[in-house]
Amino acid sequence: MSAAASSAMREIASSNDPASGRHRVVVVGAGFGGLETVQRLAGSGVDITLVDRRNHHLFQPLLYQVAGASLSPSEIAWPIRSLFAKRKDVRTLLGEVEGVDTGNRRVVLEDGSTLGYDTLVIATGARHSYFGHDQWEPYAPGLKSLEDATTIRRRLLVAFEEAERESDPARRAALQTFVIIGGGPTGVELAGTIAELARLTLVRDFRSIDPRATRVVLVEAGQRLLQVFPEDLSAYTAQALEKLGVEIKLGKPVTECSEHGVVVDGVPIPAETILWAAGVQASPAARWLNAEADRAGRVIVGPDLTVPGHRDIFVIGDTAASNGYDGKPVPGLAPAAKQAGQYVARLIRQRFKGQNASEPFRYRHQGNLATIGRSLAVVDMGGFKLRGVLAWWMWKLIHIYFLIGTQNRMSVALSWMWTHGIGYRGSRLITYSDLAQHDAGQDHDKGREGD
């Protein structure tokens, strides 16, 4: 972006007196990495502006429970402004970033306004990747935002409602068939929660259909589920899902996807509901910065998570391609984003004090967790592995611990106790806003900051 073009833009006023000379840090994205950066900069003497296209921080690991009607959206999301209401050094802006003028150190927003920075931290997350089949997106929504979760919840519940009044056996069967593409943690969790929704929660709710006849199909192009887990835990997961009634198709990628269903290994599977959990690609940050990116669109960063040639710009989380995991790529996990946020905040503090910091970013892997169903989960923490009920309790406790605020922790804990005790899910709401959004064709992820 040229300096002449940027000079004509309206610059958003700084939150501090420009004559004060206070260092300005702009953080784009209020996900795990961005939020951690802001929290760790408390008391550092810098002014912080946090920009996100949404007004809330989202606890993504529990999105599938909103999609499966176990939790309500408000239980896993928090207004950003309320999180920093007592921090006078933090200003929150609701806005969508369109670009970065690196020459003049300005972030460009969608309305043409700009925001000046001395240090920029980009933590804009990732969006769905359909591996060159973007035409599948309308038929197979992914799960990255609250809108995605409520859209999926609506599709699941509406499918049962339509099946209840459907007289054609073939279409009724298609309405009660749910295909999940991708056998990673999200795919496994979606498959398990849909199977339990049908066979436990909804079993007495209908008169013309039997929800227990629901068909849940999990398709994975690889040779096993949960490929980042040890093989024995992958095998246990497959067996547990099959006991729940989930059909698993391994080593057979989807070749066609439409409103009528999917084709797997040349065999069509009629299905009215298809969900995507197979892959992600980074936000367009690399394009904003005119920086080198990897195949997934992630910005290739240096050992200190800065963009080569731009010492004042950090990229973290799912947006960054870093080899800080013992020379291997850092995984796109919430703990990795949080660790990167901690590292960047520490580096900014050191630079602000005039100290030279040369220690590169090193990701410390804390393990992998995935829940399969009620009282079923798998945990892998290096040499420590758990499966079944104990893993499920550990999964629950870890997730409750990382939720923000005592009220949310208590609310989620009570919801889980209620669901576990009687199998009832209280968030089975089909809202008109969901239907209107669907009818308008707006229920697709577009790559959102902070996701």
# chains A, B, ... in the order shown; residues from 1 in each chain; ligands from 1
call {"tool": "select_by_dssp", "arguments": {"residues": "region 272-312 of chain A", "states": "alpha helix (DSSP H)", "output": "PyMOL selection string"}}
result
chain A and resi 285-289
call {"tool": "write_last_selection", "arguments": {"atoms": "all heavy atoms", "output": "PDB file, in the first residue's frame"}}
result
ATOM      1  N   ALA A 285      -3.349 -13.038   6.544  1.00  0.00           N
ATOM      2  CA  ALA A 285      -2.304 -12.162   7.081  1.00  0.00           C
ATOM      3  C   ALA A 285      -1.084 -12.084   6.171  1.00  0.00           C
ATOM      4  O   ALA A 285      -0.456 -11.029   6.045  1.00  0.00           O
ATOM      5  CB  ALA A 285      -1.893 -12.625   8.474  1.00  0.00           C
ATOM      6  N   ALA A 286      -0.720 -13.192   5.538  1.00  0.00           N
ATOM      7  CA  ALA A 286       0.448 -13.178   4.655  1.00  0.00           C
ATOM      8  C   ALA A 286       0.242 -12.195   3.503  1.00  0.00           C
ATOM      9  O   ALA A 286       1.180 -11.501   3.086  1.00  0.00           O
ATOM     10  CB  ALA A 286       0.710 -14.584   4.118  1.00  0.00           C
ATOM     11  N   ARG A 287      -0.985 -12.126   3.002  1.00  0.00           N
ATOM     12  CA  ARG A 287      -1.284 -11.179   1.919  1.00  0.00           C
ATOM     13  C   ARG A 287      -1.215  -9.750   2.438  1.00  0.00           C
ATOM     14  O   ARG A 287      -0.724  -8.851   1.734  1.00  0.00           O
ATOM     15  CB  ARG A 287      -2.667 -11.485   1.341  1.00  0.00           C
ATOM     16  CG  ARG A 287      -3.137 -10.487   0.292  1.00  0.00           C
ATOM     17  CD  ARG A 287      -4.403 -10.950  -0.394  1.00  0.00           C
ATOM     18  NE  ARG A 287      -5.458 -11.291   0.543  1.00  0.00           N
ATOM     19  CZ  ARG A 287      -6.245 -10.390   1.141  1.00  0.00           C
ATOM     20  NH1 ARG A 287      -6.070  -9.093   0.913  1.00  0.00           N
ATOM     21  NH2 ARG A 287      -7.197 -10.778   1.958  1.00  0.00           N
ATOM     22  N   TRP A 288      -1.731  -9.511   3.651  1.00  0.00           N
ATOM     23  CA  TRP A 288      -1.653  -8.160   4.216  1.00  0.00           C
ATOM     24  C   TRP A 288      -0.215  -7.669   4.293  1.00  0.00           C
ATOM     25  O   TRP A 288       0.069  -6.510   4.033  1.00  0.00           O
ATOM     26  CB  TRP A 288      -2.222  -8.135   5.642  1.00  0.00           C
ATOM     27  CG  TRP A 288      -3.637  -8.552   5.789  1.00  0.00           C
ATOM     28  CD1 TRP A 288      -4.593  -8.641   4.813  1.00  0.00           C
ATOM     29  CD2 TRP A 288      -4.289  -8.926   7.008  1.00  0.00           C
ATOM     30  NE1 TRP A 288      -5.786  -9.065   5.340  1.00  0.00           N
ATOM     31  CE2 TRP A 288      -5.633  -9.247   6.681  1.00  0.00           C
ATOM     32  CE3 TRP A 288      -3.864  -9.042   8.326  1.00  0.00           C
ATOM     33  CZ2 TRP A 288      -6.557  -9.663   7.659  1.00  0.00           C
ATOM     34  CZ3 TRP A 288      -4.768  -9.446   9.293  1.00  0.00           C
ATOM     35  CH2 TRP A 288      -6.102  -9.752   8.960  1.00  0.00           C
ATOM     36  N   LEU A 289       0.682  -8.582   4.669  1.00  0.00           N
ATOM     37  CA  LEU A 289       2.069  -8.212   4.927  1.00  0.00           C
ATOM     38  C   LEU A 289       2.973  -8.392   3.721  1.00  0.00           C
ATOM     39  O   LEU A 289       4.151  -8.046   3.777  1.00  0.00           O
ATOM     40  CB  LEU A 289       2.618  -9.051   6.086  1.00  0.00           C
ATOM     41  CG  LEU A 289       1.861  -8.948   7.416  1.00  0.00           C
ATOM     42  CD1 LEU A 289       2.350 -10.025   8.376  1.00  0.00           C
ATOM     43  CD2 LEU A 289       2.039  -7.566   8.018  1.00  0.00           C
TER      44      LEU A 289
END
call {"tool": "closest_atom_pairs", "arguments": {"of": "region 29-142 of chain A", "to": "region 151-160 of chain A", "cutoff": "12 Å", "atoms": "only C-alpha atoms", "output": "CSV"}}
result
residue,atom,partner,partner_atom,distance
A:Leu63,CA,A:Ile152,CA,10.3
A:Tyr64,CA,A:Ile152,CA,9.0
A:Gln65,CA,A:Arg153,CA,9.3
A:Val66,CA,A:Arg153,CA,7.2
A:Ala67,CA,A:Arg153,CA,4.4
A:Gly68,CA,A:Arg153,CA,5.9
A:Ala69,CA,A:Arg153,CA,6.4
A:Ser70,CA,A:Arg153,CA,10.0
A:Leu71,CA,A:Arg153,CA,10.8
A:Ser72,CA,A:Arg153,CA,10.6
A:Pro73,CA,A:Arg153,CA,11.1
A:Pro138,CA,A:Thr151,CA,11.5
A:Tyr139,CA,A:Arg155,CA,10.8
A:Ala140,CA,A:Ile152,CA,9.5
A:Pro141,CA,A:Ile152,CA,7.4
A:Gly142,CA,A:Ile152,CA,8.4
call {"tool": "write_last_selection", "arguments": {"atoms": "all heavy atoms", "output": "compact mmCIF listing (two decimals), in the first residue's frame"}}
result
# COMPACT_ATOMS: atom_id res chain seq x y z
N LEU A 63 -16.65 -25.72 21.14
CA LEU A 63 -17.63 -25.35 20.11
C LEU A 63 -18.52 -26.53 19.73
O LEU A 63 -19.71 -26.37 19.48
CB LEU A 63 -16.91 -24.83 18.86
CG LEU A 63 -16.72 -23.33 18.73
CD1 LEU A 63 -15.95 -23.01 17.46
CD2 LEU A 63 -18.05 -22.60 18.74
N TYR A 64 -17.93 -27.72 19.66
CA TYR A 64 -18.72 -28.87 19.23
C TYR A 64 -19.86 -29.16 20.22
O TYR A 64 -20.88 -29.73 19.85
CB TYR A 64 -17.82 -30.11 19.07
CG TYR A 64 -17.55 -30.84 20.35
CD1 TYR A 64 -18.31 -31.95 20.71
CD2 TYR A 64 -16.54 -30.43 21.22
CE1 TYR A 64 -18.08 -32.62 21.89
CE2 TYR A 64 -16.30 -31.10 22.39
CZ TYR A 64 -17.07 -32.19 22.73
OH TYR A 64 -16.84 -32.85 23.91
N GLN A 65 -19.70 -28.74 21.50
CA GLN A 65 -20.76 -28.97 22.48
C GLN A 65 -21.91 -27.98 22.27
O GLN A 65 -23.05 -28.29 22.59
CB GLN A 65 -20.20 -28.86 23.89
CG GLN A 65 -19.19 -29.94 24.21
CD GLN A 65 -19.39 -30.56 25.57
OE1 GLN A 65 -20.11 -30.05 26.42
NE2 GLN A 65 -18.74 -31.69 25.79
N VAL A 66 -21.62 -26.81 21.74
CA VAL A 66 -22.69 -25.91 21.33
C VAL A 66 -23.40 -26.48 20.10
O VAL A 66 -24.63 -26.49 20.02
CB VAL A 66 -22.15 -24.50 21.04
CG1 VAL A 66 -23.24 -23.59 20.49
CG2 VAL A 66 -21.54 -23.89 22.30
N ALA A 67 -22.61 -26.98 19.15
CA ALA A 67 -23.20 -27.59 17.95
C ALA A 67 -24.07 -28.79 18.30
O ALA A 67 -25.09 -29.03 17.66
CB ALA A 67 -22.09 -28.00 16.99
N GLY A 68 -23.67 -29.54 19.33
CA GLY A 68 -24.42 -30.72 19.74
C GLY A 68 -25.47 -30.45 20.78
O GLY A 68 -26.04 -31.40 21.34
N ALA A 69 -25.75 -29.17 21.08
CA ALA A 69 -26.82 -28.75 21.97
C ALA A 69 -26.56 -29.08 23.44
O ALA A 69 -27.49 -29.10 24.24
CB ALA A 69 -28.16 -29.35 21.54
N SER A 70 -25.29 -29.32 23.81
CA SER A 70 -24.96 -29.58 25.21
C SER A 70 -24.75 -28.28 25.98
O SER A 70 -25.07 -28.21 27.17
CB SER A 70 -23.71 -30.44 25.32
OG SER A 70 -23.93 -31.73 24.83
N LEU A 71 -24.19 -27.27 25.33
CA LEU A 71 -23.92 -25.99 25.97
C LEU A 71 -24.52 -24.87 25.14
O LEU A 71 -24.73 -25.02 23.92
CB LEU A 71 -22.41 -25.76 26.11
CG LEU A 71 -21.63 -26.73 27.01
CD1 LEU A 71 -20.14 -26.43 26.92
CD2 LEU A 71 -22.11 -26.66 28.46
N SER A 72 -24.80 -23.75 25.79
CA SER A 72 -25.28 -22.58 25.08
C SER A 72 -24.09 -21.71 24.68
O SER A 72 -23.03 -21.79 25.31
CB SER A 72 -26.23 -21.77 25.96
OG SER A 72 -25.54 -21.22 27.06
N PRO A 73 -24.21 -20.88 23.65
CA PRO A 73 -23.09 -20.04 23.20
C PRO A 73 -22.51 -19.17 24.31
O PRO A 73 -21.30 -18.97 24.38
CB PRO A 73 -23.70 -19.20 22.09
CG PRO A 73 -24.80 -20.06 21.53
CD PRO A 73 -25.37 -20.77 22.72
N PRO A 138 -20.85 -24.71 0.90
CA PRO A 138 -22.27 -24.54 1.25
C PRO A 138 -22.93 -25.80 1.78
O PRO A 138 -23.91 -25.73 2.52
CB PRO A 138 -22.90 -24.10 -0.08
CG PRO A 138 -21.77 -23.56 -0.88
CD PRO A 138 -20.58 -24.38 -0.51
N TYR A 139 -22.42 -26.96 1.38
CA TYR A 139 -23.04 -28.23 1.77
C TYR A 139 -22.41 -28.84 3.01
O TYR A 139 -23.03 -29.68 3.67
CB TYR A 139 -22.94 -29.23 0.62
CG TYR A 139 -23.29 -28.65 -0.72
CD1 TYR A 139 -22.34 -28.54 -1.74
CD2 TYR A 139 -24.58 -28.16 -0.97
CE1 TYR A 139 -22.67 -27.99 -2.96
CE2 TYR A 139 -24.90 -27.59 -2.19
CZ TYR A 139 -23.94 -27.51 -3.18
OH TYR A 139 -24.26 -26.94 -4.40
N ALA A 140 -21.19 -28.43 3.34
CA ALA A 140 -20.46 -29.03 4.46
C ALA A 140 -19.84 -27.93 5.31
O ALA A 140 -18.65 -27.64 5.21
CB ALA A 140 -19.38 -29.98 3.94
N PRO A 141 -20.61 -27.29 6.19
CA PRO A 141 -20.05 -26.23 7.03
C PRO A 141 -19.03 -26.78 8.01
O PRO A 141 -19.12 -27.92 8.47
CB PRO A 141 -21.28 -25.67 7.75
CG PRO A 141 -22.25 -26.81 7.77
CD PRO A 141 -22.03 -27.55 6.49
N GLY A 142 -18.04 -25.95 8.32
CA GLY A 142 -17.04 -26.32 9.32
C GLY A 142 -17.39 -25.73 10.67
O GLY A 142 -18.47 -25.15 10.86
call {"tool": "residues_around", "arguments": {"residues": "Arg346 (chain A)", "least_positions_apart": "2", "cutoff": "10 Å", "atoms": "only C-alpha atoms", "output": "list in words"}}
result
Thr37, Arg40, Leu41, Ser44, Ala340, Gly341, Gln342, Tyr343, Val344, Ile348, Arg349, Gln350, Arg351, Phe352 and Ala357 of chain A
call {"tool": "write_last_selection", "arguments": {"atoms": "all heavy atoms", "output": "tab-separated table (two decimals), in the first residue's frame"}}
result
chain	number	residue	atom	x	y	z
A	37	THR	N	-1.31	-12.42	24.91
A	37	THR	CA	-0.36	-11.32	24.74
A	37	THR	C	-0.79	-10.10	25.54
A	37	THR	O	0.01	-9.49	26.26
A	37	THR	CB	-0.24	-10.95	23.25
A	37	THR	OG1	0.15	-12.09	22.49
A	37	THR	CG2	0.77	-9.84	23.05
A	40	ARG	N	-0.47	-10.64	29.35
A	40	ARG	CA	0.91	-10.67	29.83
A	40	ARG	C	1.62	-9.32	29.74
A	40	ARG	O	2.69	-9.13	30.30
A	40	ARG	CB	1.71	-11.70	29.03
A	40	ARG	CG	1.20	-13.12	29.21
A	40	ARG	CD	1.63	-13.69	30.54
A	40	ARG	NE	1.10	-15.03	30.76
A	40	ARG	CZ	1.59	-15.89	31.65
A	40	ARG	NH1	2.61	-15.54	32.41
A	40	ARG	NH2	1.04	-17.07	31.80
A	41	LEU	N	1.01	-8.37	29.03
A	41	LEU	CA	1.60	-7.03	28.92
A	41	LEU	C	1.09	-6.09	30.01
A	41	LEU	O	1.43	-4.90	30.01
A	41	LEU	CB	1.31	-6.43	27.55
A	41	LEU	CG	2.15	-6.95	26.38
A	41	LEU	CD1	1.66	-6.39	25.06
A	41	LEU	CD2	3.63	-6.63	26.59
A	44	SER	N	3.20	-3.12	31.80
A	44	SER	CA	4.45	-2.98	31.06
A	44	SER	C	4.74	-1.55	30.65
A	44	SER	O	5.84	-1.25	30.17
A	44	SER	CB	4.40	-3.85	29.80
A	44	SER	OG	3.36	-3.44	28.94
A	340	ALA	N	2.94	-18.81	22.64
A	340	ALA	CA	3.48	-17.78	21.75
A	340	ALA	C	3.13	-16.39	22.26
A	340	ALA	O	3.95	-15.46	22.19
A	340	ALA	CB	2.95	-17.99	20.33
A	341	GLY	N	1.90	-16.22	22.76
A	341	GLY	CA	1.50	-14.94	23.32
A	341	GLY	C	2.34	-14.55	24.52
A	341	GLY	O	2.75	-13.38	24.68
A	342	GLN	N	2.64	-15.52	25.37
A	342	GLN	CA	3.51	-15.27	26.53
A	342	GLN	C	4.91	-14.84	26.08
A	342	GLN	O	5.49	-13.91	26.62
A	342	GLN	CB	3.59	-16.53	27.39
A	342	GLN	CG	2.28	-16.94	28.03
A	342	GLN	CD	2.35	-18.33	28.64
A	342	GLN	OE1	3.43	-18.91	28.79
A	342	GLN	NE2	1.20	-18.89	28.96
A	343	TYR	N	5.43	-15.56	25.08
A	343	TYR	CA	6.78	-15.27	24.59
A	343	TYR	C	6.85	-13.86	23.98
A	343	TYR	O	7.78	-13.09	24.28
A	343	TYR	CB	7.17	-16.31	23.55
A	343	TYR	CG	8.46	-16.00	22.81
A	343	TYR	CD1	9.69	-16.34	23.35
A	343	TYR	CD2	8.42	-15.35	21.57
A	343	TYR	CE1	10.87	-16.04	22.68
A	343	TYR	CE2	9.59	-15.06	20.89
A	343	TYR	CZ	10.81	-15.40	21.45
A	343	TYR	OH	11.97	-15.10	20.78
A	344	VAL	N	5.88	-13.52	23.15
A	344	VAL	CA	5.89	-12.21	22.49
A	344	VAL	C	5.76	-11.09	23.52
A	344	VAL	O	6.45	-10.06	23.43
A	344	VAL	CB	4.76	-12.14	21.43
A	344	VAL	CG1	4.54	-10.71	20.98
A	344	VAL	CG2	5.10	-13.03	20.24
A	348	ILE	N	8.45	-8.12	24.01
A	348	ILE	CA	8.09	-6.71	23.92
A	348	ILE	C	8.54	-5.97	25.17
A	348	ILE	O	9.08	-4.85	25.10
A	348	ILE	CB	6.57	-6.56	23.70
A	348	ILE	CG1	6.18	-7.07	22.31
A	348	ILE	CG2	6.15	-5.10	23.84
A	348	ILE	CD1	4.68	-7.12	22.08
A	349	ARG	N	8.34	-6.58	26.32
A	349	ARG	CA	8.78	-5.97	27.57
A	349	ARG	C	10.30	-5.74	27.56
A	349	ARG	O	10.79	-4.67	27.95
A	349	ARG	CB	8.42	-6.87	28.76
A	349	ARG	CG	6.95	-6.83	29.17
A	349	ARG	CD	6.71	-7.84	30.29
A	349	ARG	NE	5.37	-7.78	30.82
A	349	ARG	CZ	4.97	-6.98	31.81
A	349	ARG	NH1	5.86	-6.16	32.37
A	349	ARG	NH2	3.74	-7.00	32.24
A	350	GLN	N	11.03	-6.75	27.11
A	350	GLN	CA	12.49	-6.64	27.08
A	350	GLN	C	12.94	-5.55	26.12
A	350	GLN	O	13.83	-4.75	26.44
A	350	GLN	CB	13.10	-7.99	26.71
A	350	GLN	CG	12.93	-9.06	27.78
A	350	GLN	CD	13.35	-10.43	27.32
A	350	GLN	OE1	13.38	-10.71	26.12
A	350	GLN	NE2	13.68	-11.31	28.26
A	351	ARG	N	12.33	-5.52	24.96
A	351	ARG	CA	12.69	-4.49	23.99
A	351	ARG	C	12.36	-3.10	24.52
A	351	ARG	O	13.12	-2.14	24.32
A	351	ARG	CB	11.94	-4.74	22.68
A	351	ARG	CG	12.44	-5.93	21.89
A	351	ARG	CD	11.68	-6.04	20.58
A	351	ARG	NE	12.13	-7.15	19.76
A	351	ARG	CZ	11.62	-7.43	18.55
A	351	ARG	NH1	10.67	-6.65	18.06
A	351	ARG	NH2	12.08	-8.45	17.86
A	352	PHE	N	11.20	-2.99	25.18
A	352	PHE	CA	10.77	-1.69	25.70
A	352	PHE	C	11.75	-1.18	26.75
A	352	PHE	O	11.94	0.03	26.90
A	352	PHE	CB	9.37	-1.84	26.30
A	352	PHE	CG	8.75	-0.55	26.74
A	352	PHE	CD1	8.50	0.47	25.83
A	352	PHE	CD2	8.40	-0.34	28.07
A	352	PHE	CE1	7.92	1.67	26.23
A	352	PHE	CE2	7.83	0.85	28.48
A	352	PHE	CZ	7.59	1.86	27.56
A	357	ALA	N	17.13	-9.42	23.56
A	357	ALA	CA	16.69	-10.80	23.84
A	357	ALA	C	16.96	-11.66	22.61
A	357	ALA	O	16.52	-11.34	21.51
A	357	ALA	CB	15.21	-10.81	24.18
call {"tool": "atom_distance", "arguments": {"atom1": "CA of Arg207 (chain A)", "atom2": "CA of Ile430 (chain A)"}}
result
19.3 Å
call {"tool": "residues_around", "arguments": {"residues": "Leu275 (chain A)", "least_positions_apart": "3", "cutoff": "12 Å", "atoms": "only C-alpha atoms", "output": "NGL selection string"}}
result
:A and (64 or 67 or 128 or 130 or 136-144 or 148-149 or 151-153 or 155-156 or 177-183 or 186-191 or 194 or 216-219 or 257-259 or 261-262 or 271-272 or 278-279 or 444)
call {"tool": "closest_atom_pairs", "arguments": {"of": "region 281-326 of chain A", "to": "region 365-381 of chain A", "cutoff": "12 Å", "atoms": "only C-alpha atoms", "output": "CSV"}}
result
residue,atom,partner,partner_atom,distance
A:Gly324,CA,A:His365,CA,10.6
A:Tyr325,CA,A:His365,CA,7.8
A:Asp326,CA,A:His365,CA,10.0
call {"tool": "residues_around", "arguments": {"residues": "Asp265 (chain A)", "least_positions_apart": "4", "cutoff": "12 Å", "atoms": "only C-alpha atoms", "output": "NGL selection string"}}
result
:A and (219-221 or 249-256 or 269)
call {"tool": "closest_residue", "arguments": {"among": "A:Ala173, A:Leu397, A:Ile12, A:Pro270", "to": "Leu109 (chain A)", "atoms": "only C-alpha atoms"}}
result
A:Ile12
call {"tool": "atom_distance", "arguments": {"atom1": "CA of Leu403 (chain A)", "atom2": "CA of Leu35 (chain A)"}}
result
12.9 Å
call {"tool": "atom_distance", "arguments": {"atom1": "CA of Thr150 (chain A)", "atom2": "CA of Phe84 (chain A)"}}
result
26.7 Å
call {"tool": "closest_residue", "arguments": {"among": "A:Arg165, A:Lys243, A:Arg54, A:Arg295", "to": "Arg199 (chain A)", "atoms": "only C-alpha atoms"}}
result
A:Lys243
